[in-house]
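A.B. asks: Dropping in final.csv, with CSV, C-alpha atoms.
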chain,number,residue,atom,x,y,z
A,92,GLU,CA,-13.3,-9.9,-46.6
A,93,LYS,CA,-16.0,-11.1,-44.3
A,94,LEU,CA,-16.5,-8.0,-42.1
A,95,ASP,CA,-17.1,-8.3,-38.4
A,96,GLY,CA,-20.1,-6.0,-38.2
A,97,VAL,CA,-23.9,-5.9,-38.0
A,98,ARG,CA,-25.7,-7.1,-41.1
A,99,ALA,CA,-28.3,-4.6,-42.4
A,100,ARG,CA,-30.4,-3.7,-45.4
A,101,TRP,CA,-31.3,-0.3,-46.8
A,102,ASP,CA,-34.7,-0.3,-48.5
A,103,GLY,CA,-34.3,3.1,-50.1
A,104,ARG,CA,-35.6,5.0,-47.0
A,105,ALA,CA,-34.4,3.2,-43.8
A,106,LEU,CA,-32.0,0.6,-42.5
A,107,TRP,CA,-33.4,-2.7,-41.2
A,108,THR,CA,-31.8,-5.7,-39.4
A,109,ARG,CA,-31.9,-9.1,-40.9
A,110,GLY,CA,-34.7,-9.9,-38.5
A,111,GLY,CA,-36.9,-7.1,-39.8
A,112,HIS,CA,-36.4,-4.5,-37.1
A,113,ARG,CA,-35.8,-0.9,-38.1
A,114,ILE,CA,-32.5,0.5,-37.0
A,115,ALA,CA,-32.6,4.0,-35.4
A,116,THR,CA,-30.0,6.2,-37.0
A,117,PRO,CA,-29.3,9.9,-36.8
A,118,PRO,CA,-31.0,11.6,-39.8
A,119,ALA,CA,-27.7,12.9,-41.1
A,120,PHE,CA,-26.2,9.4,-41.2
A,121,VAL,CA,-28.5,8.3,-44.1
A,122,GLN,CA,-29.0,11.7,-45.7
A,123,GLY,CA,-28.4,11.6,-49.4
A,124,TRP,CA,-28.3,7.9,-49.7
A,125,PRO,CA,-29.6,6.4,-53.0
A,126,ASP,CA,-33.2,5.2,-53.1
A,127,VAL,CA,-32.0,1.8,-54.2
A,128,PRO,CA,-32.1,-1.3,-52.0
A,129,MET,CA,-28.6,-2.2,-50.7
A,130,ASP,CA,-27.3,-5.1,-48.6
A,131,GLY,CA,-24.4,-4.3,-46.4
A,132,GLU,CA,-22.6,-4.4,-43.0
A,133,LEU,CA,-22.6,-1.7,-40.4
A,134,TRP,CA,-19.0,-1.7,-39.5
A,135,ILE,CA,-16.3,0.4,-37.7
A,136,ALA,CA,-13.1,-1.7,-37.9
A,137,ARG,CA,-11.8,-5.2,-37.4
A,138,GLU,CA,-12.4,-6.6,-33.9
A,139,ARG,CA,-14.9,-3.8,-33.0
A,140,PHE,CA,-18.0,-5.9,-33.3
A,141,ASP,CA,-19.2,-5.3,-29.7
A,142,VAL,CA,-18.9,-1.5,-30.2
A,143,VAL,CA,-20.9,-1.3,-33.4
A,144,SER,CA,-23.4,-3.8,-32.1
A,145,GLY,CA,-24.1,-1.6,-29.1
A,146,ILE,CA,-24.5,1.5,-31.3
A,147,VAL,CA,-26.9,-0.3,-33.6
A,148,ARG,CA,-29.1,-1.6,-30.7
A,149,SER,CA,-29.6,1.8,-29.2
A,150,THR,CA,-33.1,3.2,-29.7
A,151,ARG,CA,-31.8,6.8,-29.2
A,152,PRO,CA,-29.1,7.2,-31.8
A,153,ASP,CA,-26.1,9.4,-30.7
A,154,PRO,CA,-24.6,11.2,-33.7
A,155,ASP,CA,-21.2,11.2,-32.1
A,156,ALA,CA,-21.3,7.4,-31.5
A,157,TRP,CA,-22.5,6.8,-35.1
A,158,HIS,CA,-19.7,9.1,-36.6
A,159,PRO,CA,-17.2,6.2,-37.2
A,160,VAL,CA,-19.8,3.7,-38.4
A,161,ARG,CA,-19.8,2.9,-42.2
A,162,PHE,CA,-22.4,1.0,-44.2
A,163,MET,CA,-20.2,-1.3,-46.2
A,164,VAL,CA,-22.3,-2.3,-49.2
A,165,PHE,CA,-21.8,-5.8,-50.7
A,166,ASP,CA,-24.8,-6.4,-52.9
A,167,LEU,CA,-27.9,-4.9,-54.6
A,168,PRO,CA,-30.9,-7.0,-54.0
A,169,ALA,CA,-33.1,-5.4,-56.7
A,170,HIS,CA,-30.4,-5.6,-59.5
A,171,PRO,CA,-31.3,-8.4,-62.0
A,172,GLY,CA,-27.8,-8.9,-63.3
A,173,PRO,CA,-25.0,-11.4,-62.3
A,174,PHE,CA,-22.7,-10.5,-59.5
A,175,THR,CA,-20.0,-9.0,-61.7
A,176,GLU,CA,-22.6,-6.5,-63.0
A,177,ARG,CA,-23.8,-5.8,-59.5
A,178,VAL,CA,-20.3,-5.0,-58.3
A,179,ALA,CA,-19.9,-2.5,-61.1
A,180,ALA,CA,-23.3,-1.0,-60.3
A,181,MET,CA,-22.5,-0.7,-56.6
A,182,ARG,CA,-19.2,1.1,-57.3
A,183,THR,CA,-21.0,3.6,-59.6
A,184,LEU,CA,-23.9,4.1,-57.2
A,185,ILE,CA,-21.7,4.8,-54.2
A,186,THR,CA,-19.3,7.0,-56.1
A,187,ARG,CA,-22.2,9.1,-57.3
A,188,ALA,CA,-23.7,9.3,-53.8
A,189,ALA,CA,-20.4,10.7,-52.4
A,190,ARG,CA,-21.6,10.1,-48.8
A,191,PRO,CA,-18.9,9.5,-46.2
A,192,GLN,CA,-21.0,6.8,-44.4
A,193,LEU,CA,-21.3,4.7,-47.6
A,194,ARG,CA,-18.6,2.4,-48.8
A,195,THR,CA,-18.4,-0.6,-51.0
A,196,VAL,CA,-16.7,-3.8,-49.7
A,197,GLU,CA,-13.6,-4.4,-51.8
A,198,GLN,CA,-14.1,-7.2,-54.3
A,199,THR,CA,-11.2,-8.9,-56.0
A,200,ARG,CA,-10.7,-11.9,-58.3
A,201,VAL,CA,-8.3,-14.6,-57.6
A,202,ALA,CA,-6.6,-16.7,-60.2
A,203,SER,CA,-5.8,-19.8,-58.2
A,204,ARG,CA,-6.3,-21.7,-55.0
A,205,ALA,CA,-2.8,-20.6,-53.9
A,206,ALA,CA,-3.8,-16.9,-54.4
A,207,LEU,CA,-7.0,-17.5,-52.4
A,208,ASP,CA,-5.1,-19.1,-49.5
A,209,ALA,CA,-2.6,-16.3,-49.5
A,210,ARG,CA,-5.4,-13.7,-49.4
A,211,LEU,CA,-7.1,-15.6,-46.5
A,212,ALA,CA,-3.9,-15.7,-44.5
A,213,GLN,CA,-3.3,-12.0,-45.1
A,214,VAL,CA,-6.8,-11.1,-43.8
A,215,VAL,CA,-6.7,-13.4,-40.8
A,216,ALA,CA,-3.2,-12.1,-39.8
A,217,ALA,CA,-4.5,-8.6,-39.8
A,218,GLY,CA,-7.3,-9.5,-37.4
A,219,GLY,CA,-10.1,-10.3,-40.0
A,220,GLU,CA,-12.5,-13.2,-39.8
A,221,GLY,CA,-12.2,-14.6,-43.3
A,222,LEU,CA,-13.5,-14.2,-46.8
A,223,MET,CA,-16.8,-14.4,-48.7
A,224,LEU,CA,-16.6,-16.2,-52.0
A,225,HIS,CA,-19.0,-15.0,-54.7
A,226,HIS,CA,-19.7,-16.8,-58.0
A,227,ALA,CA,-19.2,-14.2,-60.7
A,228,GLN,CA,-22.3,-15.2,-62.7
A,229,ALA,CA,-24.7,-15.7,-59.8
A,230,ARG,CA,-28.0,-13.8,-59.5
A,231,TYR,CA,-29.0,-12.3,-56.2
A,232,GLY,CA,-30.6,-14.7,-53.8
A,233,ALA,CA,-31.6,-14.4,-50.2
A,234,GLY,CA,-30.2,-16.9,-47.6
A,235,ARG,CA,-27.3,-19.3,-48.0
A,236,THR,CA,-26.5,-20.6,-51.4
A,237,HIS,CA,-23.6,-22.5,-53.1
A,238,ALA,CA,-22.9,-19.3,-55.1
A,239,LEU,CA,-21.9,-17.5,-51.9
A,240,LEU,CA,-19.6,-19.3,-49.5
A,241,LYS,CA,-17.7,-18.4,-46.3
A,242,LEU,CA,-14.0,-19.2,-46.1
A,243,LYS,CA,-12.6,-19.1,-42.6
A,244,PRO,CA,-9.8,-20.9,-40.7
A,245,HIS,CA,-12.3,-22.2,-38.2
A,246,ASP,CA,-16.0,-23.2,-38.2
A,247,ASP,CA,-18.7,-21.2,-36.4
A,248,ALA,CA,-22.4,-21.7,-35.6
A,249,GLU,CA,-25.2,-20.6,-33.3
A,250,ALA,CA,-26.8,-22.1,-30.3
A,251,ARG,CA,-29.4,-21.1,-27.7
A,252,VAL,CA,-28.4,-20.6,-24.0
A,253,VAL,CA,-30.4,-22.8,-21.7
A,254,ALA,CA,-28.4,-22.6,-18.4
A,255,HIS,CA,-25.2,-21.4,-16.7
A,256,THR,CA,-22.8,-23.4,-14.6
A,257,PRO,CA,-20.9,-21.7,-11.7
A,258,GLY,CA,-17.3,-20.8,-12.0
A,259,ASN,CA,-14.5,-22.0,-9.7
A,260,GLY,CA,-11.2,-20.5,-8.4
A,261,LYS,CA,-10.7,-17.0,-9.8
A,262,TYR,CA,-14.2,-17.3,-11.4
A,263,THR,CA,-16.0,-18.1,-8.2
A,264,GLY,CA,-19.3,-16.1,-8.2
A,265,MET,CA,-19.1,-15.7,-12.0
A,266,LEU,CA,-19.9,-17.8,-15.0
A,267,GLY,CA,-18.1,-21.1,-15.4
A,268,ALA,CA,-19.7,-22.2,-18.7
A,269,LEU,CA,-22.8,-21.8,-20.8
A,270,VAL,CA,-25.0,-24.8,-21.4
A,271,VAL,CA,-26.4,-24.3,-24.9
A,272,GLU,CA,-28.7,-26.2,-27.2
A,273,HIS,CA,-28.2,-26.8,-30.8
A,274,HIS,CA,-30.9,-26.7,-33.5
A,275,ASP,CA,-31.3,-30.5,-33.2
A,276,GLY,CA,-32.0,-30.3,-29.4
A,277,ARG,CA,-28.6,-31.6,-28.3
A,278,GLN,CA,-26.9,-29.7,-25.5
A,279,PHE,CA,-23.2,-29.0,-24.8
A,280,ARG,CA,-21.1,-26.6,-22.8
A,281,ILE,CA,-19.1,-23.5,-23.9
A,282,GLY,CA,-16.5,-22.7,-21.2
A,283,THR,CA,-13.9,-20.6,-23.0
A,284,GLY,CA,-13.7,-17.4,-25.0
A,285,PHE,CA,-15.3,-15.1,-22.4
A,286,THR,CA,-13.8,-11.9,-21.0
A,287,ASP,CA,-14.1,-11.3,-17.2
A,288,ALA,CA,-16.8,-8.8,-17.9
A,289,GLN,CA,-18.8,-11.4,-19.8
A,290,ARG,CA,-18.3,-13.9,-17.1
A,291,ALA,CA,-19.7,-11.4,-14.6
A,292,ASP,CA,-22.7,-10.6,-16.8
A,293,PRO,CA,-23.2,-13.6,-19.1
A,294,PRO,CA,-25.7,-14.1,-21.9
A,295,PRO,CA,-29.0,-14.9,-20.3
A,296,PRO,CA,-31.0,-18.1,-20.9
A,297,GLY,CA,-33.0,-17.8,-24.0
A,298,SER,CA,-30.5,-15.7,-25.8
A,299,TRP,CA,-28.5,-16.9,-28.9
A,300,VAL,CA,-24.8,-16.9,-29.1
A,301,THR,CA,-22.3,-17.5,-31.8
A,302,TYR,CA,-19.4,-19.9,-31.1
A,303,ARG,CA,-16.3,-21.1,-32.8
A,304,TYR,CA,-15.2,-24.7,-33.0
A,305,ASN,CA,-12.7,-27.1,-34.7
A,306,GLY,CA,-14.7,-29.8,-36.4
A,307,LEU,CA,-16.9,-32.4,-34.7
A,308,THR,CA,-16.4,-35.1,-32.2
A,309,SER,CA,-17.2,-38.8,-32.9
A,310,THR,CA,-20.7,-38.1,-31.4
A,311,GLY,CA,-21.2,-35.1,-33.7
A,312,LEU,CA,-20.8,-32.4,-31.1
A,313,PRO,CA,-18.6,-29.3,-31.7
A,314,ARG,CA,-15.0,-29.8,-30.8
A,315,PHE,CA,-13.3,-27.1,-28.7
A,316,ALA,CA,-16.3,-24.9,-28.7
A,317,ARG,CA,-15.5,-21.3,-27.6
A,318,PHE,CA,-17.7,-18.3,-27.2
A,319,LEU,CA,-17.5,-15.6,-29.9
A,320,ARG,CA,-20.3,-13.2,-29.3
A,321,ILE,CA,-24.0,-12.7,-28.4
A,322,ARG,CA,-26.3,-12.5,-31.4
A,323,ASP,CA,-28.4,-9.4,-31.6
A,324,GLU,CA,-31.4,-11.4,-32.9
A,325,PRO,CA,-32.7,-15.0,-32.6
A,326,ILE,CA,-32.0,-17.4,-35.4
A,327,PRO,CA,-35.0,-17.6,-37.7
A,328,ASP,CA,-36.8,-21.0,-38.0
Take the structure I supplied and represent it as structure tokens, if you would.
C.D. replies:
Amino acid sequence: EKLDGVRARWDGRALWTRGGHRIATPPAFVQGWPDVPMDGELWIARERFDVVSGIVRSTRPDPDAWHPVRFMVFDLPAHPGPFTERVAAMRTLITRAARPQLRTVEQTRVASRAALDARLAQVVAAGGEGLMLHHAQARYGAGRTHALLKLKPHDDAEARVVAHTPGNGKYTGMLGALVVEHHDGRQFRIGTGFTDAQRADPPPPGSWVTYRYNGLTSTGLPRFARFLRIRDEPIPD
């Protein structure tokens, strides 16, 4: 399952964001963790991204707030073997550590496309985002690769906020839509997907947001773009 959390890496001593910023955690949260690099997701539960994101961004970690957070390990960057061997090594490593904050992301094989579709439908119906598909024989590699694919019932992407448009009617005095810019410089609007609280305090210009969409228009712009979340970090060049 593609978990809706905050991506992080454990370097054997500390947790770091994908952008290279150290994550402030209570000492007890990482006590007894293996001194082995691990890739994973800081996660609480489905549809709790905003909560875990706020916890991770805090520079003064609150042990009570961190209590429900789990580091869901999905790969071992320093392991030289193929993915099947890394899965076995992850399970052994986490079992031996026996720390309540450490878990492995469940990995299962599927025998057919029908079984894969059924698993995707099950996850989405339960409030999940989708699945990550790993090639069994792939070695670890940073970044996107054909050996690691997302499978979701919709597309998503990132864009930079460049302006706000004012709301009308019940949204008077609040956000109407975000004007965002894609990587190629083209601009478009995102006007749906916001809570009232987000319309009252929208993502500021210069920030990056993730949005969902359903394919592209004839001009290549996202169709039915809708806001999903603010990104914690800018998109790397």
A.B. asks: Show me a table, sorted first by chain and then by increasing residue number, of the residues of stretch 151-238 of chain A having an atom at most 10 Å from stretch 112-130 of chain A, each with its shortest atom pair and the distance in Å to one decimal, counting only C-alpha atoms and written as a Markdown table.
C.D. replies:
| residue | atom | partner | partner_atom | distance |
| --- | --- | --- | --- | --- |
| A:Arg151 | CA | A:Ala115 | CA | 6.8 |
| A:Pro152 | CA | A:Thr116 | CA | 5.4 |
| A:Asp153 | CA | A:Pro117 | CA | 6.9 |
| A:Pro154 | CA | A:Pro117 | CA | 5.8 |
| A:Asp155 | CA | A:Pro117 | CA | 9.5 |
| A:Ala156 | CA | A:Pro117 | CA | 9.9 |
| A:Trp157 | CA | A:Phe120 | CA | 7.6 |
| A:His158 | CA | A:Phe120 | CA | 8.0 |
| A:Val160 | CA | A:Phe120 | CA | 9.0 |
| A:Arg161 | CA | A:Phe120 | CA | 9.2 |
| A:Phe162 | CA | A:Asp130 | CA | 9.0 |
| A:Met163 | CA | A:Asp130 | CA | 8.4 |
| A:Val164 | CA | A:Asp130 | CA | 5.8 |
| A:Phe165 | CA | A:Asp130 | CA | 5.9 |
| A:Asp166 | CA | A:Asp130 | CA | 5.1 |
| A:Leu167 | CA | A:Met129 | CA | 4.8 |
| A:Pro168 | CA | A:Pro128 | CA | 6.2 |
| A:Ala169 | CA | A:Pro128 | CA | 6.3 |
| A:His170 | CA | A:Pro128 | CA | 8.8 |
| A:Met181 | CA | A:Met129 | CA | 8.6 |
| A:Leu184 | CA | A:Pro125 | CA | 7.4 |
| A:Ile185 | CA | A:Pro125 | CA | 8.1 |
| A:Arg187 | CA | A:Pro125 | CA | 9.0 |
| A:Ala188 | CA | A:Trp124 | CA | 6.3 |
| A:Ala189 | CA | A:Gly123 | CA | 8.6 |
| A:Arg190 | CA | A:Gly123 | CA | 7.0 |
| A:Pro191 | CA | A:Phe120 | CA | 8.8 |
| A:Gln192 | CA | A:Phe120 | CA | 6.6 |
| A:Leu193 | CA | A:Trp124 | CA | 8.0 |
A.B. asks: Applying 7 Å and all atoms listed in the file, which residues near stretch 201-211 of chain A remain after dropping the ones on its own chain fewer than 2 positions away? List them as JSON, numbers by chain.
C.D. replies: {"A": [199, 213, 214, 215, 221, 222]}
A.B. asks: So the first atom is atom CA of A:Val271 and the second is atom CA of A:Asp141; what is the distance between them in Å, to one decimal place?
C.D. replies: 20.9 Å
A.B. asks: Between A:Arg137, A:His274, A:Lys243, A:Arg320, which residue has the minimum interatomic distance to A:Ala217, considering all atoms listed in the file?
C.D. replies: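 Ranked by minimum distance to A:Ala217, first place goes to A:Arg137.
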A.B. asks: Just how far from atom CA of A:Leu307 is atom CA of A:Arg277, in Å to one decimal?
C.D. replies: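 A separation of 13.4 Å between them.
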A.B. asks: For each of A:Gly232, A:Gly145, A:Gly267, A:Pro173, take the minimum atom-to-atom distance to A:Ile321, counting all atoms listed in the file, then give the residue where this is smallest.
C.D. replies: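 Using all atoms listed in the file, A:Ile321 sits closest to A:Gly145.
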A.B. asks: Counting all atoms listed in the file, which of A:Pro159, A:Thr195, A:Ala288, A:Arg104 gets nearest to A:Thr183?
C.D. replies: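 Answer, going by the shortest atom-to-atom distance: A:Thr195.
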A.B. asks: Find, counting all atoms listed in the file, the residue in A:Pro313, A:Gly103, A:Gly96, A:Pro257 that gets nearest to A:Glu132.
C.D. replies: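 Going through A:Pro313, A:Gly103, A:Gly96, A:Pro257 one by one, the smallest distance to A:Glu132 is for A:Gly96.
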A.B. asks: Of the residues A:Ala227, A:Leu269, A:Val143, A:Val178, which is the one nearest to A:Gly297, using all atoms listed in the file?
C.D. replies: A:Leu269
A.B. asks: Quick one, how far is atom CA of A:Ala291 from atom CA of A:Leu266?
C.D. replies: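 Atom CA of A:Leu266 lies at a distance of 6.4 Å from atom CA of A:Ala291.
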A.B. asks: Pick out the closest residue to A:Arg177 from this set: A:Thr108, A:Gln228, A:Ser144, A:Thr150. Count all atoms listed in the file.
C.D. replies: A:Gln228
A.B. asks: Within 10 Å of A:Asp287, counting all atoms listed in the file, which residues qualify if same-chain residues fewer than 6 places away don't, as a PyMOL selection string?
C.D. replies: chain A and resi 261-262+265-266+293
A.B. asks: Excluding A:Gly276 and residues on its chain fewer than 5 positions from it, collect all residues at most 12 Å away from it, counting only C-alpha atoms, and give them as a PyMOL selection string.
C.D. replies: chain A and resi 250-253+270-271+312
A.B. asks: Please complete stretch 242-268 of chain A with N, CA and C atoms and give it back as a tab-separated table (two decimals), in the coordinates of the input.
C.D. replies:
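Done, and the output landed in rebuild-v5.tsv:
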chain	number	residue	atom	x	y	z
A	242	LEU	N	-15.27	-18.57	-46.26
A	242	LEU	CA	-14.00	-19.20	-46.10
A	242	LEU	C	-13.27	-18.69	-44.92
A	243	LYS	N	-13.14	-19.55	-43.88
A	243	LYS	CA	-12.60	-19.10	-42.60
A	243	LYS	C	-11.65	-20.21	-42.10
A	244	PRO	N	-10.69	-19.86	-41.23
A	244	PRO	CA	-9.80	-20.90	-40.70
A	244	PRO	C	-10.38	-21.70	-39.59
A	245	HIS	N	-11.64	-21.47	-39.28
A	245	HIS	CA	-12.30	-22.20	-38.20
A	245	HIS	C	-13.81	-22.25	-38.61
A	246	ASP	N	-14.58	-23.11	-37.96
A	246	ASP	CA	-16.00	-23.20	-38.20
A	246	ASP	C	-16.71	-22.29	-37.10
A	247	ASP	N	-17.90	-21.81	-37.40
A	247	ASP	CA	-18.70	-21.20	-36.40
A	247	ASP	C	-20.17	-21.54	-36.58
A	248	ALA	N	-20.95	-21.39	-35.53
A	248	ALA	CA	-22.40	-21.70	-35.60
A	248	ALA	C	-23.06	-21.02	-34.43
A	249	GLU	N	-24.38	-21.20	-34.34
A	249	GLU	CA	-25.20	-20.60	-33.30
A	249	GLU	C	-25.86	-21.59	-32.43
A	250	ALA	N	-26.10	-21.22	-31.18
A	250	ALA	CA	-26.80	-22.10	-30.30
A	250	ALA	C	-27.56	-21.22	-29.25
A	251	ARG	N	-28.60	-21.79	-28.63
A	251	ARG	CA	-29.40	-21.10	-27.70
A	251	ARG	C	-28.95	-21.39	-26.25
A	252	VAL	N	-28.79	-20.37	-25.43
A	252	VAL	CA	-28.40	-20.60	-24.00
A	252	VAL	C	-29.56	-21.13	-23.24
A	253	VAL	N	-29.31	-22.23	-22.51
A	253	VAL	CA	-30.40	-22.80	-21.70
A	253	VAL	C	-30.05	-22.77	-20.20
A	254	ALA	N	-28.75	-22.61	-19.83
A	254	ALA	CA	-28.40	-22.60	-18.40
A	254	ALA	C	-26.96	-22.06	-18.26
A	255	HIS	N	-26.59	-21.74	-17.02
A	255	HIS	CA	-25.20	-21.40	-16.70
A	255	HIS	C	-24.69	-22.37	-15.65
A	256	THR	N	-23.40	-22.63	-15.69
A	256	THR	CA	-22.80	-23.40	-14.60
A	256	THR	C	-21.85	-22.44	-13.85
A	257	PRO	N	-21.72	-22.60	-12.53
A	257	PRO	CA	-20.90	-21.70	-11.70
A	257	PRO	C	-19.43	-21.84	-11.95
A	258	GLY	N	-18.70	-20.74	-11.81
A	258	GLY	CA	-17.30	-20.80	-12.00
A	258	GLY	C	-16.56	-21.22	-10.69
A	259	ASN	N	-15.31	-21.61	-10.84
A	259	ASN	CA	-14.50	-22.00	-9.70
A	259	ASN	C	-13.21	-21.19	-9.67
A	260	GLY	N	-12.50	-21.25	-8.54
A	260	GLY	CA	-11.20	-20.50	-8.40
A	260	GLY	C	-11.41	-19.06	-8.62
A	261	LYS	N	-10.65	-18.48	-9.55
A	261	LYS	CA	-10.70	-17.00	-9.80
A	261	LYS	C	-12.07	-16.62	-10.36
A	262	TYR	N	-12.84	-17.60	-10.85
A	262	TYR	CA	-14.20	-17.30	-11.40
A	262	TYR	C	-15.30	-17.62	-10.46
A	263	THR	N	-14.98	-17.84	-9.18
A	263	THR	CA	-16.00	-18.10	-8.20
A	263	THR	C	-16.98	-16.89	-8.15
A	264	GLY	N	-18.28	-17.18	-8.19
A	264	GLY	CA	-19.30	-16.10	-8.20
A	264	GLY	C	-19.55	-15.58	-9.60
A	265	MET	N	-18.88	-16.16	-10.59
A	265	MET	CA	-19.10	-15.70	-12.00
A	265	MET	C	-19.44	-16.94	-12.83
A	266	LEU	N	-19.55	-16.72	-14.12
A	266	LEU	CA	-19.90	-17.80	-15.00
A	266	LEU	C	-18.74	-18.80	-15.17
A	267	GLY	N	-19.08	-20.08	-15.09
A	267	GLY	CA	-18.10	-21.10	-15.40
A	267	GLY	C	-18.23	-21.53	-16.87
A	268	ALA	N	-19.45	-21.84	-17.29
A	268	ALA	CA	-19.70	-22.20	-18.70
A	268	ALA	C	-21.17	-21.99	-19.02
